[in-house]
Structure formats: structure tokens, C-alpha cells
$ cat work38.txt   # compact mmCIF, C-alpha atoms
# COMPACT_ATOMS: atom_id res chain seq x y z
CA MET A 213 21.31 -11.07 31.97
CA ARG A 214 23.77 -9.51 29.54
CA GLU A 215 25.91 -12.67 29.52
CA GLU A 216 22.87 -14.82 28.64
CA GLN A 217 21.92 -12.48 25.79
CA THR A 218 25.45 -12.48 24.43
CA LYS A 219 25.63 -16.24 24.57
CA THR A 220 22.32 -16.64 22.75
CA THR A 221 23.31 -14.08 20.12
CA THR A 222 26.69 -15.67 19.34
CA GLU A 223 25.01 -19.05 18.77
CA ARG A 224 23.01 -17.65 15.85
CA LEU A 225 24.28 -17.67 12.28
CA ILE A 226 22.46 -15.53 9.71
CA PHE A 227 23.14 -15.02 5.99
CA HIS A 228 21.77 -12.10 3.98
CA VAL A 229 21.76 -12.78 0.23
CA ASP A 230 21.32 -9.74 -2.03
CA VAL A 231 21.28 -9.78 -5.84
CA ASN A 232 23.73 -7.28 -7.33
CA SER A 233 21.86 -4.65 -9.40
CA ALA A 234 18.97 -7.08 -9.67
CA PHE A 235 16.85 -5.55 -12.43
CA LEU A 236 19.87 -4.71 -14.58
CA SER A 237 21.43 -8.15 -14.00
CA TRP A 238 18.25 -10.05 -14.79
CA GLU A 239 17.71 -8.09 -17.99
CA SER A 240 21.37 -8.62 -18.92
CA VAL A 241 21.10 -12.41 -18.56
CA ARG A 242 18.14 -12.43 -20.95
CA ARG A 243 19.91 -10.19 -23.47
CA ILE A 244 23.04 -12.36 -23.45
CA LYS A 245 20.91 -15.40 -24.34
CA GLU A 246 19.50 -13.39 -27.25
CA GLY A 247 23.01 -12.46 -28.48
CA LEU A 248 22.75 -8.84 -27.31
CA PRO A 249 25.40 -6.87 -25.38
CA ASP A 250 25.60 -7.31 -21.59
CA LEU A 251 24.06 -4.19 -20.03
CA ARG A 252 26.46 -4.49 -17.09
CA ASP A 253 29.43 -3.79 -19.37
CA ILE A 254 28.08 -0.66 -21.09
CA PRO A 255 26.45 2.62 -19.95
CA ALA A 256 22.87 1.43 -19.37
CA CYS A 257 19.87 1.80 -17.09
CA ILE A 258 16.50 0.24 -16.35
CA GLY A 259 13.43 2.45 -16.17
CA GLY A 260 11.44 4.89 -18.21
CA ASP A 261 10.34 4.86 -21.81
CA PRO A 262 13.36 4.63 -24.17
CA THR A 263 11.39 6.16 -27.05
CA LYS A 264 10.17 9.19 -25.06
CA ARG A 265 13.18 9.42 -22.74
CA THR A 266 10.91 9.87 -19.76
CA GLY A 267 10.62 8.24 -16.34
CA ILE A 268 13.02 7.50 -13.50
CA VAL A 269 16.30 5.53 -13.40
CA VAL A 270 15.45 2.35 -11.48
CA ALA A 271 18.84 0.63 -11.85
CA LYS A 272 22.12 1.58 -13.51
CA SER A 273 25.29 -0.14 -14.72
CA ILE A 274 28.71 0.62 -13.27
CA PRO A 275 29.79 2.43 -16.51
CA ALA A 276 26.65 4.62 -16.21
CA LYS A 277 27.44 5.28 -12.56
CA LYS A 278 30.92 6.48 -13.56
CA CYS A 279 29.20 9.07 -15.78
CA GLY A 280 27.38 10.39 -12.72
CA VAL A 281 24.02 8.67 -13.33
CA GLN A 282 22.10 8.11 -10.09
CA THR A 283 19.24 5.78 -9.17
CA GLY A 284 16.00 7.72 -8.80
CA GLU A 285 16.89 10.66 -11.04
CA PRO A 286 14.85 11.50 -14.19
CA VAL A 287 15.99 9.66 -17.31
CA ALA A 288 16.24 12.98 -19.16
CA MET A 289 18.77 14.24 -16.61
CA ALA A 290 20.73 10.96 -16.77
CA LEU A 291 20.93 11.25 -20.57
CA ARG A 292 22.47 14.71 -20.28
CA LYS A 293 25.25 13.15 -18.22
CA CYS A 294 25.54 10.05 -20.41
CA PRO A 295 24.11 10.69 -23.94
CA ASN A 296 24.94 7.22 -25.27
CA MET A 297 23.30 5.35 -22.39
CA VAL A 298 21.08 2.39 -23.32
CA ILE A 299 17.63 2.61 -21.70
CA VAL A 300 15.61 -0.56 -21.14
CA PRO A 301 12.02 -0.51 -19.80
CA SER A 302 11.09 -2.50 -16.70
CA ASP A 303 9.82 -6.07 -17.10
CA PHE A 304 8.22 -7.21 -13.86
CA ASP A 305 7.29 -10.66 -15.17
CA LEU A 306 10.98 -11.33 -15.82
CA TYR A 307 11.91 -10.05 -12.36
CA VAL A 308 9.43 -12.35 -10.65
CA ARG A 309 10.74 -15.39 -12.54
CA CYS A 310 14.37 -14.59 -11.68
CA SER A 311 13.48 -13.85 -8.07
CA ARG A 312 11.79 -17.21 -7.64
CA ALA A 313 14.75 -19.03 -9.23
CA PHE A 314 17.38 -17.50 -6.94
CA LYS A 315 15.20 -17.95 -3.84
CA LYS A 316 14.68 -21.61 -4.71
CA ILE A 317 18.45 -22.15 -4.59
CA CYS A 318 18.78 -20.26 -1.30
CA ALA A 319 15.94 -22.24 0.29
CA SER A 320 17.73 -25.51 -0.45
CA TYR A 321 20.39 -24.66 2.17
CA THR A 322 18.13 -24.11 5.20
CA PRO A 323 14.51 -24.73 6.18
CA VAL A 324 14.15 -21.15 7.46
CA MET A 325 14.33 -18.46 4.76
CA GLU A 326 12.74 -15.01 4.95
CA SER A 327 12.02 -13.12 1.72
CA PHE A 328 12.96 -9.54 2.55
CA SER A 329 12.28 -8.12 -0.92
CA ILE A 330 12.14 -9.27 -4.53
CA ASP A 331 15.94 -9.54 -4.67
CA GLU A 332 17.09 -10.36 -1.13
CA VAL A 333 16.56 -13.03 1.52
CA PHE A 334 17.69 -13.88 5.03
CA LEU A 335 18.81 -17.46 5.72
CA ASP A 336 18.89 -18.78 9.28
CA MET A 337 21.92 -21.08 9.18
CA THR A 338 21.91 -21.66 12.93
CA GLY A 339 22.51 -25.33 13.78
CA THR A 340 23.81 -26.28 10.31
CA SER A 341 27.44 -26.67 11.38
CA LEU A 342 27.45 -30.43 10.71
CA LEU A 343 26.34 -29.84 7.11
CA TYR A 344 28.34 -26.63 6.61
CA PRO A 345 31.23 -26.52 9.11
CA ASP A 346 32.74 -23.45 7.40
CA PRO A 347 30.10 -20.66 7.06
CA ILE A 348 32.24 -18.59 4.69
CA ALA A 349 32.78 -21.58 2.41
CA ALA A 350 29.02 -22.27 2.48
CA ALA A 351 28.28 -18.68 1.49
CA HIS A 352 30.72 -18.93 -1.42
CA GLU A 353 29.01 -22.15 -2.51
CA ILE A 354 25.60 -20.45 -2.57
CA LYS A 355 26.99 -17.40 -4.38
CA ASP A 356 28.82 -19.45 -7.02
CA ARG A 357 25.90 -21.79 -7.59
CA ILE A 358 23.54 -18.88 -8.26
CA TYR A 359 25.98 -17.47 -10.81
CA GLU A 360 26.63 -20.82 -12.53
CA GLU A 361 22.96 -21.82 -12.76
CA LEU A 362 21.28 -18.44 -13.27
CA GLY A 363 23.99 -16.18 -14.71
CA PHE A 364 23.87 -13.28 -12.21
CA THR A 365 25.84 -12.42 -9.08
CA VAL A 366 24.91 -11.87 -5.45
CA ASN A 367 26.55 -10.49 -2.33
CA ILE A 368 26.26 -12.45 0.91
CA GLY A 369 26.65 -10.99 4.39
CA ILE A 370 27.31 -13.25 7.36
CA SER A 371 26.77 -12.45 11.03
CA THR A 372 24.97 -13.38 14.24
CA ASN A 373 21.83 -11.34 13.50
CA LYS A 374 19.82 -9.92 10.61
CA LEU A 375 20.96 -6.32 11.05
CA LEU A 376 24.68 -7.10 10.88
CA ALA A 377 24.24 -9.64 8.06
CA LYS A 378 22.44 -7.05 5.94
CA MET A 379 25.01 -4.36 6.72
CA ALA A 380 27.77 -6.82 5.70
CA SER A 381 26.15 -7.65 2.35
CA ASP A 382 26.25 -3.93 1.48
CA PHE A 383 30.05 -3.81 1.74
CA GLU A 384 32.15 -3.94 -1.45
CA LYS A 385 30.25 -5.23 -4.50
CA PRO A 386 29.68 -7.20 -6.70
CA ASN A 387 29.98 -10.98 -6.23
CA LYS A 388 31.44 -10.86 -2.71
CA VAL A 389 31.06 -12.56 0.67
CA HIS A 390 31.58 -10.39 3.78
CA THR A 391 31.37 -10.98 7.51
CA LEU A 392 30.35 -8.53 10.22
CA PHE A 393 30.56 -10.36 13.53
CA PRO A 394 30.16 -8.40 16.80
CA GLU A 395 33.91 -8.20 17.35
CA GLU A 396 34.31 -6.64 13.87
CA ILE A 397 31.83 -3.80 14.46
CA PRO A 398 34.37 -1.14 15.60
CA GLU A 399 36.53 -1.63 12.52
CA LYS A 400 33.96 -2.44 9.83
CA MET A 401 30.76 -0.59 10.80
CA TRP A 402 31.41 2.32 13.16
CA PRO A 403 33.46 4.41 10.66
CA PHE A 404 30.50 4.61 8.23
CA PRO A 405 28.37 7.79 8.02
CA VAL A 406 25.32 7.56 10.26
CA ARG A 407 23.03 7.56 7.18
CA GLU A 408 24.29 4.05 6.34
CA LEU A 409 22.63 2.57 9.43
CA LEU A 410 19.66 0.40 8.52
CA PHE A 411 16.25 2.09 8.91
CA LEU A 412 17.71 5.49 9.77
CA GLY A 413 15.66 8.02 7.80
CA LYS A 414 16.54 11.40 6.36
CA ALA A 415 14.81 13.40 9.12
CA SER A 416 16.63 11.49 11.87
CA GLU A 417 19.94 11.81 10.04
CA LYS A 418 19.57 15.60 9.88
CA LYS A 419 18.88 15.87 13.62
CA LEU A 420 21.80 13.62 14.52
CA ILE A 421 24.27 15.46 12.29
CA GLU A 422 23.17 18.80 13.71
CA ALA A 423 23.95 17.36 17.16
CA GLY A 424 27.45 16.37 16.02
CA ILE A 425 26.70 12.67 15.54
CA ARG A 426 28.12 11.96 12.10
CA THR A 427 29.17 8.30 12.14
CA ILE A 428 27.57 5.10 13.35
CA GLY A 429 30.35 4.96 15.94
CA ASP A 430 29.37 8.41 17.22
CA LEU A 431 25.82 7.14 17.66
CA ALA A 432 26.96 3.98 19.43
CA HIS A 433 29.06 5.98 21.92
CA ALA A 434 26.44 8.65 22.65
CA ARG A 435 24.07 8.52 25.63
CA GLU A 436 20.85 6.73 24.72
CA ALA A 437 18.78 9.33 26.58
CA ASP A 438 20.30 12.08 24.43
CA ILE A 439 19.47 10.18 21.23
CA GLN A 440 15.88 9.66 22.41
CA THR A 441 15.55 13.37 23.11
CA LEU A 442 16.66 14.10 19.55
CA ILE A 443 14.60 11.60 17.54
CA GLY A 444 11.98 10.15 19.91
CA LYS A 445 11.98 7.52 22.61
CA LYS A 446 11.16 4.41 20.58
CA ASN A 447 13.01 5.36 17.40
CA GLY A 448 15.99 6.54 19.44
CA HIS A 449 16.16 3.28 21.39
CA GLN A 450 16.00 1.14 18.25
CA LEU A 451 18.66 3.08 16.34
CA TYR A 452 20.92 3.24 19.40
CA GLN A 453 20.68 -0.55 19.68
CA TYR A 454 21.35 -0.97 15.96
CA ALA A 455 24.44 1.24 16.14
CA ARG A 456 25.83 -1.17 18.73
CA GLY A 457 24.96 -4.16 16.55
CA ILE A 458 22.10 -5.40 18.74
CA ASP A 459 19.15 -7.04 16.97
CA ASP A 460 17.21 -10.07 18.20
CA SER A 461 14.55 -10.18 15.45
CA PRO A 462 13.99 -13.73 14.15
CA VAL A 463 14.23 -14.94 10.58
CA LYS A 464 10.58 -15.60 9.70
CA ALA A 465 9.73 -18.24 7.12
CA GLN A 466 6.16 -16.88 7.06
CA PRO A 467 5.07 -13.28 7.73
CA ASP A 468 3.08 -12.61 10.88
CA GLU A 469 -0.65 -12.93 10.48
CA ALA A 470 -2.22 -9.51 10.28
CA LYS A 471 -4.47 -8.67 13.22
CA GLY A 472 -5.77 -5.29 12.19
CA PHE A 473 -6.74 -3.21 9.18
CA SER A 474 -4.51 -1.93 6.41
CA ALA A 475 -4.63 0.03 3.16
CA GLU A 476 -1.96 0.11 0.46
CA THR A 477 -1.73 2.04 -2.79
CA THR A 478 0.61 1.22 -5.70
CA PHE A 479 1.43 3.95 -8.21
CA ASN A 480 2.51 3.99 -11.84
CA GLU A 481 4.10 7.40 -11.34
CA ASP A 482 6.93 7.78 -8.84
CA ILE A 483 6.11 9.47 -5.53
CA ILE A 484 8.97 11.86 -4.76
CA SER A 485 7.74 14.53 -2.32
CA ILE A 486 6.07 14.96 1.05
CA GLU A 487 3.38 17.01 -0.71
CA GLN A 488 2.44 13.90 -2.71
CA VAL A 489 2.70 11.57 0.27
CA ASN A 490 0.48 13.39 2.78
CA PRO A 491 -2.84 13.13 0.87
CA ILE A 492 -2.10 9.44 0.24
CA LEU A 493 -1.55 8.83 3.94
CA LEU A 494 -4.69 10.77 4.86
CA ALA A 495 -6.81 8.78 2.40
CA GLN A 496 -5.44 5.50 3.77
CA CYS A 497 -5.91 6.56 7.39
CA ASP A 498 -9.49 7.47 6.51
CA ILE A 499 -10.00 3.97 5.06
CA VAL A 500 -8.59 2.01 8.02
CA ALA A 501 -10.25 4.25 10.62
CA ALA A 502 -13.65 3.88 8.93
CA ARG A 503 -13.21 0.10 8.91
CA MET A 504 -12.42 0.15 12.62
CA ARG A 505 -15.43 2.27 13.43
CA ARG A 506 -17.72 -0.08 11.49
CA LYS A 507 -16.41 -2.98 13.59
CA LYS A 508 -16.52 -0.88 16.79
CA LYS A 509 -12.78 -1.31 17.30
CA LYS A 510 -9.91 0.99 18.26
CA CYS A 511 -6.19 0.55 17.56
CA THR A 512 -3.21 0.84 19.85
CA SER A 513 -0.51 0.68 17.16
CA VAL A 514 0.04 2.38 13.79
CA SER A 515 2.57 1.46 11.11
CA VAL A 516 3.57 2.93 7.77
CA THR A 517 5.08 0.88 4.93
CA PHE A 518 6.60 2.06 1.67
CA ARG A 519 8.32 0.39 -1.27
CA THR A 520 11.17 1.87 -3.29
CA LEU A 521 11.77 1.50 -7.02
CA GLU A 522 14.09 -1.44 -6.22
CA PHE A 523 11.17 -3.29 -4.56
CA ARG A 524 12.66 -2.79 -1.10
CA ASN A 525 10.04 -2.51 1.60
CA ARG A 526 10.52 -0.40 4.70
CA SER A 527 8.18 -0.23 7.70
CA HIS A 528 8.04 1.95 10.78
CA GLN A 529 5.67 1.33 13.69
CA THR A 530 4.76 2.95 16.99
CA LYS A 531 2.51 2.31 19.98
CA LEU A 532 -0.15 4.87 20.83
CA PRO A 533 -0.63 6.30 24.32
CA ASN A 534 -4.40 5.65 23.99
CA ALA A 535 -6.51 3.43 21.76
CA THR A 536 -8.19 5.46 19.02
CA ASP A 537 -10.45 5.25 15.99
CA VAL A 538 -10.14 8.95 15.08
CA THR A 539 -8.85 9.52 11.54
CA ASP A 540 -6.93 12.72 12.37
CA GLU A 541 -5.05 11.08 15.25
CA ILE A 542 -4.01 8.11 13.12
CA TYR A 543 -3.02 10.49 10.31
CA ARG A 544 -0.80 12.64 12.56
CA CYS A 545 0.96 9.50 13.75
CA ALA A 546 1.37 8.15 10.20
CA LYS A 547 2.89 11.43 8.99
CA GLN A 548 5.41 11.40 11.82
CA LEU A 549 6.36 7.77 11.16
CA PHE A 550 6.90 8.49 7.48
CA ARG A 551 9.05 11.56 8.11
CA GLU A 552 11.23 9.59 10.51
CA SER A 553 11.93 6.71 8.11
CA TRP A 554 11.87 8.08 4.53
CA LYS A 555 15.28 8.87 3.02
CA GLY A 556 13.83 10.78 0.06
CA GLU A 557 14.09 7.98 -2.51
CA PRO A 558 11.28 7.66 -5.13
CA LEU A 559 8.45 5.35 -4.06
CA ARG A 560 5.98 3.07 -5.83
CA LEU A 561 3.88 1.86 -2.87
CA ILE A 562 2.69 3.42 0.37
CA GLY A 563 0.57 1.76 3.05
CA VAL A 564 -0.87 2.34 6.51
CA ALA A 565 -1.84 -0.39 9.00
CA VAL A 566 -3.49 -0.29 12.41
CA THR A 567 -3.08 -3.18 14.86
CA GLY A 568 -3.49 -3.95 18.53
CA LEU A 569 -7.26 -3.74 18.19
CA THR A 570 -9.43 -3.34 21.26
CA GLU A 571 -13.04 -2.61 22.17
CA ASP A 572 -12.03 -0.83 25.38
CA ASP A 573 -13.62 2.63 25.58
CA PHE A 574 -11.41 3.76 28.47
CA GLU A 575 -9.28 6.76 27.57
CA GLN A 576 -6.60 8.51 29.63
CA LEU A 577 -6.99 12.25 29.06
CA SER A 578 -3.81 14.20 28.36
CA LEU A 579 -3.06 17.63 29.78
CA PHE A 580 -1.69 18.62 26.37
CA GLU A 581 -4.68 17.47 24.35
CA ASP A 582 -7.46 19.74 23.13
CA PRO A 583 -10.72 17.91 23.97
CA GLU A 584 -12.77 20.32 21.88
CA LYS A 585 -10.64 19.69 18.81
CA LYS A 586 -10.85 15.93 19.38
CA GLU A 587 -14.62 16.09 19.66
CA LYS A 588 -14.80 18.01 16.37
CA SER A 589 -12.71 15.30 14.70
CA ARG A 590 -15.03 12.62 16.03
CA LYS A 591 -18.09 14.48 14.78
CA LEU A 592 -16.49 14.86 11.33
CA ASP A 593 -15.73 11.13 11.23
CA ALA A 594 -19.28 10.30 12.29
CA ALA A 595 -20.75 12.61 9.63
CA LEU A 596 -18.59 11.11 6.87
CA ASP A 597 -19.44 7.58 8.01
CA ALA A 598 -23.17 8.39 7.96
CA ILE A 599 -22.97 9.83 4.42
CA ARG A 600 -20.99 6.85 3.17
CA GLN A 601 -23.39 4.38 4.75
CA LYS A 602 -26.42 6.10 3.16
CA TYR A 603 -25.06 7.06 -0.26
CA GLY A 604 -21.97 4.89 -0.79
CA ASN A 605 -18.28 5.12 0.04
CA ASP A 606 -17.37 6.85 -3.21
CA LYS A 607 -19.71 9.81 -2.66
CA VAL A 608 -17.62 11.79 -0.16
CA THR A 609 -13.93 12.48 0.29
CA ARG A 610 -12.08 14.88 2.59
CA ALA A 611 -11.21 18.17 0.90
CA SER A 612 -7.54 17.90 1.88
CA ILE A 613 -7.31 14.65 -0.07
CA LEU A 614 -8.95 16.21 -3.13
CA ASN A 615 -6.69 19.25 -2.89
CA GLY A 616 -3.62 17.02 -2.76
CA THR A 617 -4.24 15.07 -5.95
CA GLN A 618 -7.37 13.95 -7.76
CA GLY A 619 -5.77 10.62 -8.70
CA ILE A 620 -5.13 9.72 -5.09
CA ALA A 621 -8.66 10.66 -4.09
CA ARG A 622 -10.17 8.46 -6.78
CA LYS A 623 -7.96 5.56 -5.69
CA ALA A 624 -8.92 5.98 -2.04
CA LYS A 625 -12.63 6.18 -2.82
CA ALA A 626 -12.41 3.10 -5.04
CA GLU A 627 -10.73 1.14 -2.24
CA MET A 628 -13.43 2.17 0.25
CA LYS A 629 -16.16 1.28 -2.24
CA ASN A 630 -14.63 -2.17 -2.81
CA ASP A 631 -14.34 -2.68 0.94
CA ALA A 632 -18.01 -1.78 1.46
CA GLU A 633 -19.13 -4.08 -1.36
CA SER A 634 -17.11 -6.95 0.14
CA CYS A 635 -18.74 -6.39 3.52
CA GLU A 636 -22.20 -6.45 1.93
CA LEU A 637 -21.46 -9.71 0.13
CA ARG A 638 -20.19 -11.29 3.36
CA ASN A 639 -23.35 -10.17 5.16
CA GLN A 640 -25.56 -11.64 2.43
CA HIS A 641 -23.89 -15.04 2.70
CA SER A 642 -23.74 -15.13 6.51
$ encode --input "work38.txt" --output "C-alpha cells"
Amino acid sequence: MREEQTKTTTERLIFHVDVNSAFLSWESVRRIKEGLPDLRDIPACIGGDPTKRTGIVVAKSIPAKKCGVQTGEPVAMALRKCPNMVIVPSDFDLYVRCSRAFKKICASYTPVMESFSIDEVFLDMTGTSLLYPDPIAAAHEIKDRIYEELGFTVNIGISTNKLLAKMASDFEKPNKVHTLFPEEIPEKMWPFPVRELLFLGKASEKKLIEAGIRTIGDLAHAREADIQTLIGKKNGHQLYQYARGIDDSPVKAQPDEAKGFSAETTFNEDIISIEQVNPILLAQCDIVAARMRRKKKKCTSVSVTFRTLEFRNRSHQTKLPNATDVTDEIYRCAKQLFRESWKGEPLRLIGVAVTGLTEDDFEQLSLFEDPEKKEKSRKLDAALDAIRQKYGNDKVTRASILNGTQGIARKAKAEMKNDAESCELRNQHS
């Protein structure tokens, strides 16, 4: 079995293409055309209001980095470190145009391209050896063509799976091509701090370090059962596999069709603390659970998604021991998923999704579960649903959401109101 898996893995060829300092680079290309200085050559950053000196640093130049400026820190703090820094506000229309242009070039090299974020893609180059007999030369061709035609640089990682290709593209920057094939893992990946492993969150990092696991190599050489005891069975298994370079996820030209309910919220202000996150998650869990109850469905899987300032999406998912439509149960799961995967970076989007829907009412009782507490939660859900059905979705919100932040509560209620209105329109036309 292991030999078959190894053989299949080594036959794959995956590129990960990542724009270097995307927002800063794209703004720099525009400024050069206008006869202005290249932001990449001077202390500069993207983000915030340059007139008020407020907001968060979204991207920084190398000269600004040498002054100690960090992505995600307040602009006011960055200016204390680098008083002469040039601040440029974000321009998302420009970013979308540049993103489409670089992805169009990448897509011309293979029929299977997965957009991973606004500034990075995976290319499945498997089976292209007749067209591109030398993968490294092909990667250099893509990299150089993007620079010559669009004026900005990219890094390209090459390997046999998505995990290793992405890890490789994060090696020395900018404008580089790197490989990370399975035989190169001990030398190139294992010496890195464990925090550098893809999808390993801040909470998991802390637990691993406290257990003496400081590098990716330490994690790869530990006992899987010990890792699962530290950070959970599913999360522990996935990260243990990643530390050993194992990843069989396909490059998907199209995202999977959603078969569940989801709620997402995008924010103008940066989300930077658990205290801000929890009421958002609760509001979203309330939305998706209410939708399930209206359709008489229960979910068997919960996932949490969030987007960083650099437009990088991260998702974490888990299976539930029992199907549920109880808001509190989904919320507890969502909180745990978020804590396991968030590294503390500022966020602009947070979402919750429930999948694996079923109408099965069977439920395996747990010895560790409080049936009285669960029944209270169900009664609360039923009461809220009844009020919303009679008076409208925007007429009632959980107190813990209101106590967290009024802005989040208004957003959640607006989403539920829109959802209810959409349902009514569908019913009228059916």
C-alpha cells in the first residue's frame, strides 16, 4: 500500500505561484508608469489613511522592513519606527485587475489551475513533460514572462504535492524558483520552526513548543498518538502528515459545490482579538443553525474560514460525533476550530459553514453530555425561531452577540433578514 502511494505521489508535479508583496508590487507598477518612485525601493507601506496616519500595515517594502515595520501593526506605530515612510491606501480594483492578468498567464501553461487567493495559484503540471521536459526551466519561463509582461515578480515552488510546493515558494524571496521534493524534506523543511508548517495555528504551536516540539523535524519524528493527545485527533493527524510532507489533495480548477449552509461577514475594521471574533462566530452560527432548522436538517460537519489582510483564506473543518441543529453546539465547535487555526494576524473576513446535512433524528447520547443543558439550548433556539417567524429576523438577537459589539449584531440581523426575505420570494414564485 505504501509503495503504491509513493509511486502515485512521485508522478505528480505541482507548481505554486505566489506574487511577491502583491499589493505593494501592483501599486509600484502603476506608480512607475506615472513617473513616480518605485515603492519597492523606498520605505513604504500599503494600508491606512495617509492623511490621518491611521489603519493597519497591509504590505511593506524591504526598506521599511529593515526599519522594523511589520505587517499587521498600526500605521502610527510603524511611523514611529520609520518616520519618512510613504503610506499608500489600498486600491482593490487595481488588485483585482493585476490578479486576473497574472492568473491568465499561469492558466496558459496547464488546463488545471486552482486560485488559492488573490495573489497565488496552484498549477497541476502533471503529464506536461512532453511540452515542458525541464520543470525548473518551465517555472523560470512563467516567472520571467510575468515580470516582462506585467512588471512584477513572483516566487514559484515546485514539488509533488500542494503542501510542499507552497512551502517551497515561501523560501528565499523575491523572484525565485525553489524545489521541495520528498527527498529534500530533511534538509530544506525539517530545520524550520514548527510555526512555519502550513495551517499550524498559534494555539497548536504553543502546545507543541511546551511539549518540546520546536521544529517541523521534531514534529515529523514524534509519535502521532502523542501529537493527537496534544492538539486533537484530526488536527494532530493532519499536521503530523504535513510535517512528513504527505498531502494528497488535488488541484481543483473549480471549487467544490457547497452542500450546506454558510454565513460570512466582511469588515472594514481589522479584527485582531478573540473578544471580537467570538460574537461574530456566534451570530454566524445562529444564522446557519436557524436555516437548518427551517429546512428540518442537521449537520455532521462544521468549518470556519477567515481571510487575512493579504487576502489569504484559511479554513479548518471537523466532523461531529452526532448530527445537530443546536446553535450552542455549532458555536462551541466553531470557537475551537478558530482557536486551533488562527495565528493572531489581523482579519477582514470570518465565516462559518455547516455541511454533511441529514434529516436523521437518531442521536447517540454521550456519558459526558448534560441532557438538561442541551434541552435548554433547544428550547432557546425554538423560542428565538418562533419570535423571528412572527415578528421578523431583525427583531431579536442573542444578548451575548449584542454585548460583544453592536456592529456585529446589526450585521448578523441584516443577514438573517435578507435570508428570510429571499425565502419568502422563492415561496411566492414556487
$ atom_distance --input "work38.txt" --atom1 "CA of Leu451 in chain A" --atom2 "CA of Gly556 in chain A"
18.6 Å
$ closest_residue --input "work38.txt" --among "A:Ser311, A:Thr512, A:Ser327, A:Ser273" --to "Ile299 in chain A" --atoms "all atoms listed in the file"
A:Ser273
$ atom_distance --input "work38.txt" --atom1 "CA of Leu392 in chain A" --atom2 "CA of Glu422 in chain A"
28.5 Å
$ residues_near_point --input "work38.txt" --point "(20.5, 4.7, 18.4)" --cutoff "8 Å" --atoms "all atoms listed in the file" --output "VMD selection string"
chain A and resid 431 to 432 436 439 to 440 447 to 456
$ axis_aligned_box --input "work38.txt" --around "range 235-245 of chain A" --padding-each-side "8 Å" --output "lines of an AutoDock Vina configuration file"
center_x = 19.9
center_y = -10.1
center_z = -18.4
size_x = 22.2
size_y = 26.7
size_z = 27.9
$ atom_distance --input "work38.txt" --atom1 "CA of Ser329 in chain A" --atom2 "CA of Gly369 in chain A"
15.6 Å
$ closest_atom_pairs --input "work38.txt" --of "range 355-459 of chain A" --to "range 335-342 of chain A" --cutoff "12 Å" --atoms "only C-alpha atoms" --output "tab-separated table"
residue	atom	partner	partner_atom	distance
A:Ile368	CA	A:Leu335	CA	10.2
A:Gly369	CA	A:Leu335	CA	10.3
A:Ile370	CA	A:Leu335	CA	9.6
A:Ser371	CA	A:Met337	CA	10.1
A:Thr372	CA	A:Thr338	CA	8.9
A:Asn373	CA	A:Asp336	CA	9.0
A:Lys374	CA	A:Asp336	CA	9.0
A:Ala377	CA	A:Leu335	CA	9.8
A:Lys378	CA	A:Leu335	CA	11.0
$ closest_residue --input "work38.txt" --among "A:Ile458, A:Ile486, A:Val366, A:Leu236" --to "Lys555 in chain A" --atoms "only C-alpha atoms"
A:Ile486
$ closest_residue --input "work38.txt" --among "A:Ser416, A:Asn534, A:Ser237, A:Ser485" --to "Leu442 in chain A" --atoms "only C-alpha atoms"
A:Ser416
$ residues_around --input "work38.txt" --residues "Gly472 in chain A" --least-positions-apart "6" --cutoff "9 Å" --atoms "all atoms listed in the file" --output "VMD selection string"
chain A and resid 500 504 511 565 to 569
$ closest_residue --input "work38.txt" --among "A:Cys310, A:Val270, A:Ala290, A:Cys545" --to "Thr365 in chain A" --atoms "all atoms listed in the file"
A:Cys310
$ closest_residue --input "work38.txt" --among "A:Lys315, A:Gln466, A:Asn367, A:Asp537" --to "Lys508 in chain A" --atoms "all atoms listed in the file"
A:Asp537
$ residues_near_point --input "work38.txt" --point "(12.0, -2.5, -0.8)" --cutoff "12 Å" --atoms "only C-alpha atoms" --output "PyMOL selection string"
chain A and resi 230+327-333+411+517-527+554+557-562
$ closest_residue --input "work38.txt" --among "A:Pro398, A:Phe393, A:Val287, A:Thr570" --to "Lys471 in chain A" --atoms "all atoms listed in the file"
A:Thr570
$ residues_around --input "work38.txt" --residues "Lys414 in chain A" --least-positions-apart "2" --cutoff "12 Å" --atoms "only C-alpha atoms" --output "list in words"
Val406, Arg407, Glu408, Leu409, Leu410, Phe411, Leu412, Ser416, Glu417, Lys418, Lys419, Leu420, Ile421, Ile443, Leu549, Phe550, Arg551, Glu552, Ser553, Trp554, Lys555, Gly556 and Glu557 of chain A
$ residues_around --input "work38.txt" --residues "Asp250 in chain A" --least-positions-apart "3" --cutoff "6 Å" --atoms "all atoms listed in the file" --output "PyMOL selection string"
chain A and resi 240+244+253
